[in-house]
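Participant: Provided below: coords.pdb, containing PDB, C-alpha atoms.
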```
ATOM      1  CA  MET A   1     133.659 150.630  76.263
ATOM      2  CA  PHE A   2     130.659 148.258  76.408
ATOM      3  CA  GLY A   3     132.543 145.844  74.161
ATOM      4  CA  LEU A   4     132.655 148.228  71.203
ATOM      5  CA  PRO A   5     135.829 148.396  69.082
ATOM      6  CA  THR A   6     138.404 150.916  70.275
ATOM      7  CA  GLN A   7     138.624 152.522  66.822
ATOM      8  CA  THR A   8     134.982 153.633  67.189
ATOM      9  CA  GLU A   9     135.625 155.592  70.401
ATOM     10  CA  PHE A  10     134.815 159.297  70.282
ATOM     11  CA  ASN A  11     134.535 160.196  73.985
ATOM     12  CA  LYS A  12     133.308 163.769  73.842
ATOM     13  CA  ARG A  13     131.206 165.400  76.528
ATOM     14  CA  VAL A  14     128.171 167.185  75.125
ATOM     15  CA  PRO A  15     126.519 169.964  77.172
ATOM     16  CA  LYS A  16     123.016 168.730  77.974
ATOM     17  CA  GLN A  17     121.735 172.281  77.451
ATOM     18  CA  LYS A  18     122.496 171.773  73.752
ATOM     19  CA  PHE A  19     119.396 169.597  73.491
ATOM     20  CA  TYR A  20     116.915 171.781  75.335
ATOM     21  CA  ASP A  21     118.213 175.364  75.166
ATOM     22  CA  ASN A  22     115.656 176.199  72.506
ATOM     23  CA  SER A  23     112.457 178.186  72.627
ATOM     24  CA  ASP A  24     110.565 175.284  71.032
ATOM     25  CA  VAL A  25     111.340 172.964  73.952
ATOM     26  CA  PRO A  26     108.656 173.146  76.677
ATOM     27  CA  ALA A  27     109.693 174.123  80.199
ATOM     28  CA  SER A  28     108.563 170.742  81.543
ATOM     29  CA  LEU A  29     111.050 168.919  79.285
ATOM     30  CA  ARG A  30     113.847 171.324  80.200
ATOM     31  CA  ARG A  31     113.232 170.466  83.850
ATOM     32  CA  VAL A  32     113.482 166.751  83.062
ATOM     33  CA  PHE A  33     116.871 167.287  81.401
ATOM     34  CA  ALA A  34     118.086 169.384  84.322
ATOM     35  CA  GLU A  35     116.800 167.106  87.079
ATOM     36  CA  GLN A  36     117.322 163.613  85.677
ATOM     37  CA  ILE A  37     120.583 163.887  83.716
ATOM     38  CA  LYS A  38     123.988 164.487  85.271
ATOM     39  CA  ALA A  39     126.034 164.485  82.060
ATOM     40  CA  ILE A  40     125.943 163.351  78.413
ATOM     41  CA  TYR A  41     128.878 161.790  76.558
ATOM     42  CA  TRP A  42     129.144 160.995  72.873
ATOM     43  CA  CYS A  43     131.059 157.741  73.317
ATOM     44  CA  ASN A  44     131.289 155.976  69.961
ATOM     45  CA  LYS A  45     130.762 156.508  66.273
ATOM     46  CA  LEU A  46     129.729 153.302  64.496
ATOM     47  CA  ALA A  47     130.241 153.979  60.806
ATOM     48  CA  PRO A  48     131.648 152.242  57.717
ATOM     49  CA  SER A  49     134.895 154.165  58.242
ATOM     50  CA  THR A  50     135.321 153.077  61.872
ATOM     51  CA  LEU A  51     133.990 149.523  61.577
ATOM     52  CA  ARG A  52     135.343 148.696  58.105
ATOM     53  CA  VAL A  53     131.941 147.604  56.851
ATOM     54  CA  ALA A  54     130.087 148.593  53.693
ATOM     55  CA  GLN A  55     127.851 151.628  53.340
ATOM     56  CA  GLY A  56     124.162 151.072  54.015
ATOM     57  CA  GLU A  57     121.060 152.109  52.120
ATOM     58  CA  ARG A  58     119.050 153.273  55.162
ATOM     59  CA  VAL A  59     121.616 153.884  57.903
ATOM     60  CA  THR A  60     124.554 156.278  57.637
ATOM     61  CA  GLU A  61     126.020 155.973  61.138
ATOM     62  CA  VAL A  62     125.022 154.808  64.607
ATOM     63  CA  GLU A  63     126.096 157.201  67.353
ATOM     64  CA  VAL A  64     126.446 155.880  70.899
ATOM     65  CA  PHE A  65     125.539 158.280  73.702
ATOM     66  CA  GLU A  66     126.039 157.643  77.402
ATOM     67  CA  LEU A  67     123.540 159.467  79.609
ATOM     68  CA  ARG A  68     124.756 159.591  83.208
ATOM     69  CA  LEU A  69     121.690 159.860  85.395
ATOM     70  CA  ASN A  70     121.020 161.106  88.895
ATOM     71  CA  ALA A  71     118.628 158.181  89.489
ATOM     72  CA  PRO A  72     118.009 154.930  87.546
ATOM     73  CA  SER A  73     115.074 156.195  85.494
ATOM     74  CA  LEU A  74     114.604 158.575  82.575
ATOM     75  CA  ASP A  75     111.606 160.066  80.822
ATOM     76  CA  GLU A  76     111.437 158.707  77.252
ATOM     77  CA  THR A  77     110.744 162.208  75.927
ATOM     78  CA  VAL A  78     114.397 163.029  76.644
ATOM     79  CA  LEU A  79     115.537 160.332  74.220
ATOM     80  CA  ARG A  80     113.088 161.560  71.604
ATOM     81  CA  GLN A  81     114.381 165.107  71.985
ATOM     82  CA  ILE A  82     118.000 164.009  71.485
ATOM     83  CA  ASP A  83     116.988 161.791  68.564
ATOM     84  CA  LYS A  84     115.213 164.768  67.036
ATOM     85  CA  ALA A  85     118.325 166.927  67.325
ATOM     86  CA  ILE A  86     120.790 164.481  65.737
ATOM     87  CA  PRO A  87     120.285 163.264  62.141
ATOM     88  CA  TYR A  88     121.674 159.772  62.716
ATOM     89  CA  HIS A  89     120.556 156.520  64.304
ATOM     90  CA  LEU A  90     121.331 156.586  68.021
ATOM     91  CA  LEU A  91     122.097 153.997  70.668
ATOM     92  CA  PHE A  92     121.729 155.230  74.251
ATOM     93  CA  VAL A  93     123.421 153.804  77.323
ATOM     94  CA  LEU A  94     121.912 155.023  80.584
ATOM     95  CA  THR A  95     124.260 154.695  83.564
ATOM     96  CA  CYS A  96     123.770 155.238  87.273
ATOM     97  CA  GLY A  97     125.613 153.913  90.318
ATOM     98  CA  GLY A  98     127.609 151.249  88.482
ATOM     99  CA  ARG A  99     124.587 149.950  86.564
ATOM    100  CA  ALA A 100     123.629 150.412  82.936
ATOM    101  CA  GLN A 101     120.694 150.026  80.569
ATOM    102  CA  ALA A 102     120.713 150.212  76.751
ATOM    103  CA  TRP A 103     117.985 151.924  74.694
ATOM    104  CA  ILE A 104     117.659 152.088  70.924
ATOM    105  CA  GLY A 105     114.969 153.517  68.680
ATOM    106  CA  TYR A 106     113.637 151.565  65.733
ATOM    107  CA  LYS A 107     113.488 153.930  62.769
ATOM    108  CA  GLU A 108     112.012 153.476  59.307
ATOM    109  CA  ALA A 109     112.543 155.615  56.233
ATOM    110  CA  PRO A 110     109.596 158.030  55.778
ATOM    111  CA  ALA A 111     107.047 157.330  53.062
ATOM    112  CA  ALA A 112     107.476 160.824  51.607
ATOM    113  CA  SER A 113     110.897 161.974  50.484
ATOM    114  CA  GLY A 114     112.289 164.881  52.446
ATOM    115  CA  ASN A 115     110.592 163.940  55.713
ATOM    116  CA  ALA A 116     112.839 163.331  58.705
ATOM    117  CA  VAL A 117     113.328 159.768  59.931
ATOM    118  CA  LYS A 118     111.470 159.367  63.218
ATOM    119  CA  VAL A 119     111.572 156.793  65.985
ATOM    120  CA  LYS A 120     108.619 154.421  65.816
ATOM    121  CA  ARG A 121     109.389 152.626  69.071
ATOM    122  CA  TYR A 122     112.163 152.329  71.640
ATOM    123  CA  TYR A 123     113.487 148.987  72.821
ATOM    124  CA  HIS A 124     115.632 148.570  75.917
ATOM    125  CA  THR A 125     117.448 146.055  78.069
ATOM    126  CA  GLU A 126     116.958 145.542  81.773
ATOM    127  CA  TRP A 127     119.244 147.370  84.182
ATOM    128  CA  MET A 128     122.456 145.402  84.797
ATOM    129  CA  SER A 129     125.998 145.866  86.025
ATOM    130  CA  ASP A 130     127.781 148.195  83.641
ATOM    131  CA  SER A 131     130.499 145.549  83.290
ATOM    132  CA  ASP A 132     127.890 143.093  81.970
ATOM    133  CA  LEU A 133     126.472 145.365  79.265
ATOM    134  CA  ARG A 134     128.215 144.417  76.040
ATOM    135  CA  PHE A 135     127.290 144.883  72.399
ATOM    136  CA  VAL A 136     128.244 142.584  69.546
ATOM    137  CA  ILE A 137     128.979 144.202  66.187
ATOM    138  CA  ASP A 138     127.601 141.927  63.498
ATOM    139  CA  GLY A 139     126.886 142.648  59.840
ATOM    140  CA  LEU A 140     128.557 143.257  56.486
ATOM    141  CA  ASP A 141     127.140 146.770  56.127
ATOM    142  CA  ILE A 142     126.022 149.505  58.509
ATOM    143  CA  ASP A 143     122.329 148.684  57.898
ATOM    144  CA  ALA A 144     122.889 145.154  59.195
ATOM    145  CA  VAL A 145     124.970 146.419  62.138
ATOM    146  CA  TYR A 146     122.103 148.685  63.223
ATOM    147  CA  GLU A 147     119.446 146.012  62.772
ATOM    148  CA  ASN A 148     121.451 143.490  64.788
ATOM    149  CA  LEU A 149     121.899 146.027  67.588
ATOM    150  CA  VAL A 150     118.117 146.580  67.682
ATOM    151  CA  ARG A 151     117.543 142.817  67.944
ATOM    152  CA  GLN A 152     120.203 142.451  70.661
ATOM    153  CA  ILE A 153     118.664 145.178  72.794
ATOM    154  CA  ALA A 154     115.048 144.120  72.199
ATOM    155  CA  GLY A 155     115.838 140.521  73.146
ATOM    156  CA  GLU A 156     113.033 137.969  72.824
ATOM    157  CA  ARG A 157     110.500 140.480  71.496
ATOM    158  CA  LEU A 158     112.215 140.633  68.104
ATOM    159  CA  GLN A 159     113.659 137.132  67.863
ATOM    160  CA  SER A 160     112.681 135.188  64.759
ATOM    161  CA  ASP A 161     113.270 131.665  63.492
ATOM    162  CA  ASN A 162     112.309 132.298  59.867
ATOM    163  CA  ASN A 163     114.783 135.032  58.840
ATOM    164  CA  GLU A 164     112.074 137.684  58.660
ATOM    165  CA  SER A 165     113.107 141.295  58.159
ATOM    166  CA  LEU A 166     113.486 143.615  61.120
ATOM    167  CA  GLN A 167     110.517 145.607  59.822
ATOM    168  CA  ASP A 168     108.351 142.466  59.898
ATOM    169  CA  SER A 169     109.641 141.542  63.363
ATOM    170  CA  VAL A 170     108.700 144.986  64.676
ATOM    171  CA  LYS A 171     105.276 144.767  63.020
ATOM    172  CA  ARG A 172     104.697 141.387  64.657
ATOM    173  CA  ASP A 173     105.772 142.803  68.011
ATOM    174  CA  GLU A 174     103.327 145.704  67.609
ATOM    175  CA  GLU A 175     100.512 143.229  66.960
ATOM    176  CA  ARG A 176     101.542 141.312  70.078
ATOM    177  CA  ARG A 177     101.584 144.481  72.171
ATOM    178  CA  GLN A 178      98.094 145.446  70.999
ATOM    179  CA  ILE A 179      96.683 142.049  71.923
ATOM    180  CA  GLU A 180      98.474 142.160  75.290
ATOM    181  CA  LYS A 181      96.818 145.525  75.978
ATOM    182  CA  GLN A 182      93.406 144.117  75.044
ATOM    183  CA  ILE A 183      93.946 141.135  77.332
ATOM    184  CA  ALA A 184      95.015 143.347  80.246
ATOM    185  CA  ALA A 185      91.994 145.636  79.797
ATOM    186  CA  LEU A 186      89.576 142.712  79.547
ATOM    187  CA  GLU A 187      91.067 141.007  82.603
ATOM    188  CA  SER A 188      90.566 144.237  84.557
ATOM    189  CA  LYS A 189      86.914 144.405  83.481
ATOM    190  CA  LEU A 190      86.415 140.726  84.284
ATOM    191  CA  HIS A 191      87.701 141.267  87.797
ATOM    192  CA  LYS A 192      85.008 143.909  88.377
ATOM    193  CA  GLU A 193      82.127 142.209  86.537
ATOM    194  CA  LYS A 194      79.437 140.609  88.722
ATOM    195  CA  GLN A 195      77.015 139.211  86.154
ATOM    196  CA  LEU A 196      77.660 135.564  85.341
ATOM    197  CA  ASN A 197      76.661 135.772  81.665
ATOM    198  CA  ARG A 198      78.993 138.747  81.084
ATOM    199  CA  ARG A 199      81.831 136.948  82.853
ATOM    200  CA  MET A 200      81.322 133.956  80.573
ATOM    201  CA  GLU A 201      81.395 136.191  77.499
ATOM    202  CA  MET A 202      84.570 137.892  78.712
ATOM    203  CA  ASN A 203      86.258 134.557  79.437
ATOM    204  CA  ALA A 204      85.423 133.386  75.927
ATOM    205  CA  GLU A 205      86.910 136.576  74.470
ATOM    206  CA  LEU A 206      90.030 136.193  76.636
ATOM    207  CA  LYS A 207      90.477 132.643  75.397
ATOM    208  CA  LYS A 208      90.241 133.873  71.815
ATOM    209  CA  LEU A 209      92.750 136.691  72.380
ATOM    210  CA  ARG A 210      95.244 134.392  74.116
ATOM    211  CA  LYS A 211      95.009 131.989  71.205
ATOM    212  CA  GLU A 212      95.743 134.847  68.791
ATOM    213  CA  LEU A 213      98.686 135.908  70.945
ATOM    214  CA  ASN A 214     100.175 132.417  70.893
ATOM    215  CA  MET A 215      99.917 132.320  67.106
ATOM    216  CA  ILE A 216     101.973 135.485  66.576
TER     217      ILE A 216
END
```
Could I get this file's structure written as structure tokens?

Facilitator:
Amino acid sequence: MFGLPTQTEFNKRVPKQKFYDNSDVPASLRRVFAEQIKAIYWCNKLAPSTLRVAQGERVTEVEVFELRLNAPSLDETVLRQIDKAIPYHLLFVLTCGGRAQAWIGYKEAPAASGNAVKVKRYYHTEWMSDSDLRFVIDGLDIDAVYENLVRQIAGERLQSDNNESLQDSVKRDEERRQIEKQIAALESKLHKEKQLNRRMEMNAELKKLRKELNMI
């Protein structure tokens, strides 16, 4: 399925209530699970034992979950709730009406020992035909397999020509996102500004920000 090796297939349906039937889960999130998700399947287990790769230092396994949706959209808090419930790195495939979209969370080891690994940011593909969504397993250990999956799903945002680490690629992407937000906010203000001198100042600042963006 999705180009993954047959020996990694697990194919077990997981009751969606398993992830929200808890007093700590707010009612609003329970409604999202109930309304947006039709079914959840644990499709694949990507591990040293199933892929015949070496053990990793940061990643133990990558579990692949298919979330069959009632409509082609899903609240990100659902993914965070599932990620919180399962102590492994997860790759999600959202499917609806013959189309599919991949999501994966970038996780870093916590600074303090004993703290749970948390998702810093999710990356995702565009929606496409489910027959076109394919993953390539690449890497000599499970750490590298996970990192290559993150880069595949993130696409251009995490591409690098200088062999930088995934952590550095994500940091660079965060810097880019922050500047993009500043540019969008300043463009909105510029559109509303009437005073010529303020417009000139804003245009100068926009030019500076765009130059910074191009340098990242």

Participant: Counting all atoms listed in the file, what is within 12 Å of Leu206 of chain A, bar same-chain residues fewer than 4 positions away, as an mmCIF file with C-alpha atoms, keeping the file's coordinate frame?

Facilitator:
```cif
data_model
loop_
_atom_site.group_PDB
_atom_site.id
_atom_site.type_symbol
_atom_site.label_atom_id
_atom_site.label_comp_id
_atom_site.auth_asym_id
_atom_site.auth_seq_id
_atom_site.Cartn_x
_atom_site.Cartn_y
_atom_site.Cartn_z
ATOM 1 C CA ILE A 179 96.683 142.049 71.923
ATOM 2 C CA GLU A 180 98.474 142.160 75.290
ATOM 3 C CA LYS A 181 96.818 145.525 75.978
ATOM 4 C CA GLN A 182 93.406 144.117 75.044
ATOM 5 C CA ILE A 183 93.946 141.135 77.332
ATOM 6 C CA ALA A 184 95.015 143.347 80.246
ATOM 7 C CA ALA A 185 91.994 145.636 79.797
ATOM 8 C CA LEU A 186 89.576 142.712 79.547
ATOM 9 C CA GLU A 187 91.067 141.007 82.603
ATOM 10 C CA SER A 188 90.566 144.237 84.557
ATOM 11 C CA LYS A 189 86.914 144.405 83.481
ATOM 12 C CA LEU A 190 86.415 140.726 84.284
ATOM 13 C CA ARG A 199 81.831 136.948 82.853
ATOM 14 C CA MET A 200 81.322 133.956 80.573
ATOM 15 C CA GLU A 201 81.395 136.191 77.499
ATOM 16 C CA MET A 202 84.570 137.892 78.712
ATOM 17 C CA ARG A 210 95.244 134.392 74.116
ATOM 18 C CA LYS A 211 95.009 131.989 71.205
ATOM 19 C CA GLU A 212 95.743 134.847 68.791
ATOM 20 C CA LEU A 213 98.686 135.908 70.945
#
```

Participant: Pull out every residue that the PyMOL selection byres ((chain A and resi 18-27) around 10) matches in the shown coordinates and put them as a compact mmCIF listing (two decimals) with C-alpha atoms, keeping the file's coordinate frame.

Facilitator:
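File out.txt, as written:
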```
# COMPACT_ATOMS: atom_id res chain seq x y z
CA VAL A 14 128.17 167.18 75.12
CA PRO A 15 126.52 169.96 77.17
CA LYS A 16 123.02 168.73 77.97
CA GLN A 17 121.74 172.28 77.45
CA SER A 28 108.56 170.74 81.54
CA LEU A 29 111.05 168.92 79.28
CA ARG A 30 113.85 171.32 80.20
CA ARG A 31 113.23 170.47 83.85
CA VAL A 32 113.48 166.75 83.06
CA PHE A 33 116.87 167.29 81.40
CA ALA A 34 118.09 169.38 84.32
CA VAL A 78 114.40 163.03 76.64
CA GLN A 81 114.38 165.11 71.98
CA ILE A 82 118.00 164.01 71.48
CA ASP A 83 116.99 161.79 68.56
CA LYS A 84 115.21 164.77 67.04
CA ALA A 85 118.32 166.93 67.32
CA ILE A 86 120.79 164.48 65.74
```

Participant: Closest to Phe135 of chain A among A:Glu63, A:Tyr122, A:Met1, A:Asp161, using all atoms listed in the file?

Facilitator: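 Counting all atoms listed in the file, the residue closest to Phe135 of chain A is A:Met1.
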
Participant: Please determine, counting only C-alpha atoms, which residue among A:Arg134, A:Arg157, A:Arg151, A:Lys207 has the shortest atom-to-atom distance to Phe2 of chain A.

Facilitator: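 For Phe2 of chain A, the nearest of the candidates is A:Arg134.
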
Participant: Enclose the full set of atoms of segment 191-196 of chain A listed in the file within a box whose edges lie along x, y and z, apply 3 Å of padding to each of the six sides, and report centre and edge lengths in Å to one decimal as AutoDock Vina command-line options.

Facilitator:
```
--center_x 82.4 --center_y 139.7 --center_z 87.0 --size_x 16.7 --size_y 14.3 --size_z 9.4
```

Participant: Taking the point (120.3, 153.4, 56.2) as given in the file, collect each protein or nucleic acid residue that comes within 10 Å of it, counting all atoms listed in the file, and present the set as a PyMOL selection string.

Facilitator: chain A and resi 55-62+88-89+107-109+141-144+146-147

Participant: Set the distance at 8 Å and use only C-alpha atoms: which residues neighbour Val136 of chain A once local chain neighbours fewer than 4 positions away are removed? I'd like the list as a ChimeraX atom specification.

Facilitator: /A:3-4,149

Participant: Atom CA of Leu67 of chain A to atom CA of Ala47 of chain A: how many Å, to one decimal?

Facilitator: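 Separating atom CA of Leu67 of chain A from atom CA of Ala47 of chain A is a distance of 20.7 Å.
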
Participant: Using only C-alpha atoms, which of A:Val145, A:Tyr123, A:Ile40, A:Ala54 sits nearest Glu174 of chain A?

Facilitator: A:Tyr123

Participant: When you count all atoms listed in the file, which of these residues is closest to Trp103 of chain A: A:Pro5, A:Pro48, A:Gly139, A:Gly155?

Facilitator: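 Answer, going by the shortest atom-to-atom distance: A:Gly155.
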
Participant: Which residues, named as in the file, does the PyMOL selection byres ((chain A and resi 126) around 6) pick out? Answer as a list in words.

Facilitator: Gln101, Thr125 and Trp127 of chain A

Participant: Let me make sure I understand: among A:Arg80, A:His191, A:Arg121, A:Arg13, which one has the smallest atom-to-atom distance to Arg177 of chain A if we use only C-alpha atoms?

Facilitator: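 Closest residue, counting only C-alpha atoms: A:Arg121.
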
Participant: What is the distance, in Å and to one decimal place, between atom CA of Ala71 of chain A and atom CA of Leu91 of chain A?

Facilitator: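 Between these atoms lies a distance of 19.6 Å.
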
Participant: Kindly indicate which residue among A:Arg172, A:Lys45, A:Glu193, A:Thr77 lies nearest to Glu9 of chain A, using only C-alpha atoms for the distances.

Facilitator: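 Of A:Arg172, A:Lys45, A:Glu193, A:Thr77, the one nearest Glu9 of chain A, counting only C-alpha atoms, is A:Lys45.
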
Participant: Please identify all polymer residues within 7 Å of Arg99 of chain A, counting all atoms listed in the file, omitting same-chain residues fewer than 3 positions from it, and present them as a PDB file with C-alpha atoms, in the coordinates of the input.

Facilitator:
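Wrote it out as out-v5.pdb, contents follow:
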```
ATOM      1  CA  THR A  95     124.260 154.695  83.564  1.00  0.00           C
ATOM      2  CA  CYS A  96     123.770 155.238  87.273  1.00  0.00           C
ATOM      3  CA  TRP A 127     119.244 147.370  84.182  1.00  0.00           C
ATOM      4  CA  MET A 128     122.456 145.402  84.797  1.00  0.00           C
ATOM      5  CA  SER A 129     125.998 145.866  86.025  1.00  0.00           C
ATOM      6  CA  ASP A 130     127.781 148.195  83.641  1.00  0.00           C
TER       7      ASP A 130
END
```

Participant: Suppose you want the space between atom CA of His124 of chain A and atom CA of Asn70 of chain A; what is it in Å?

Facilitator: 18.8 Å

Participant: Which residues, written as a list of chain:residue names, have at least one atom at most 9 Å from Val93 of chain A, with all atoms listed in the file counted and residues fewer than 4 positions away on the same chain left out?

Facilitator: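 So the residues in contact are A:Val64, A:Phe65, A:Glu66, A:Leu67, A:Arg68, A:Ala100, A:Gln101, A:Ala102, A:Trp103, A:Ile104.
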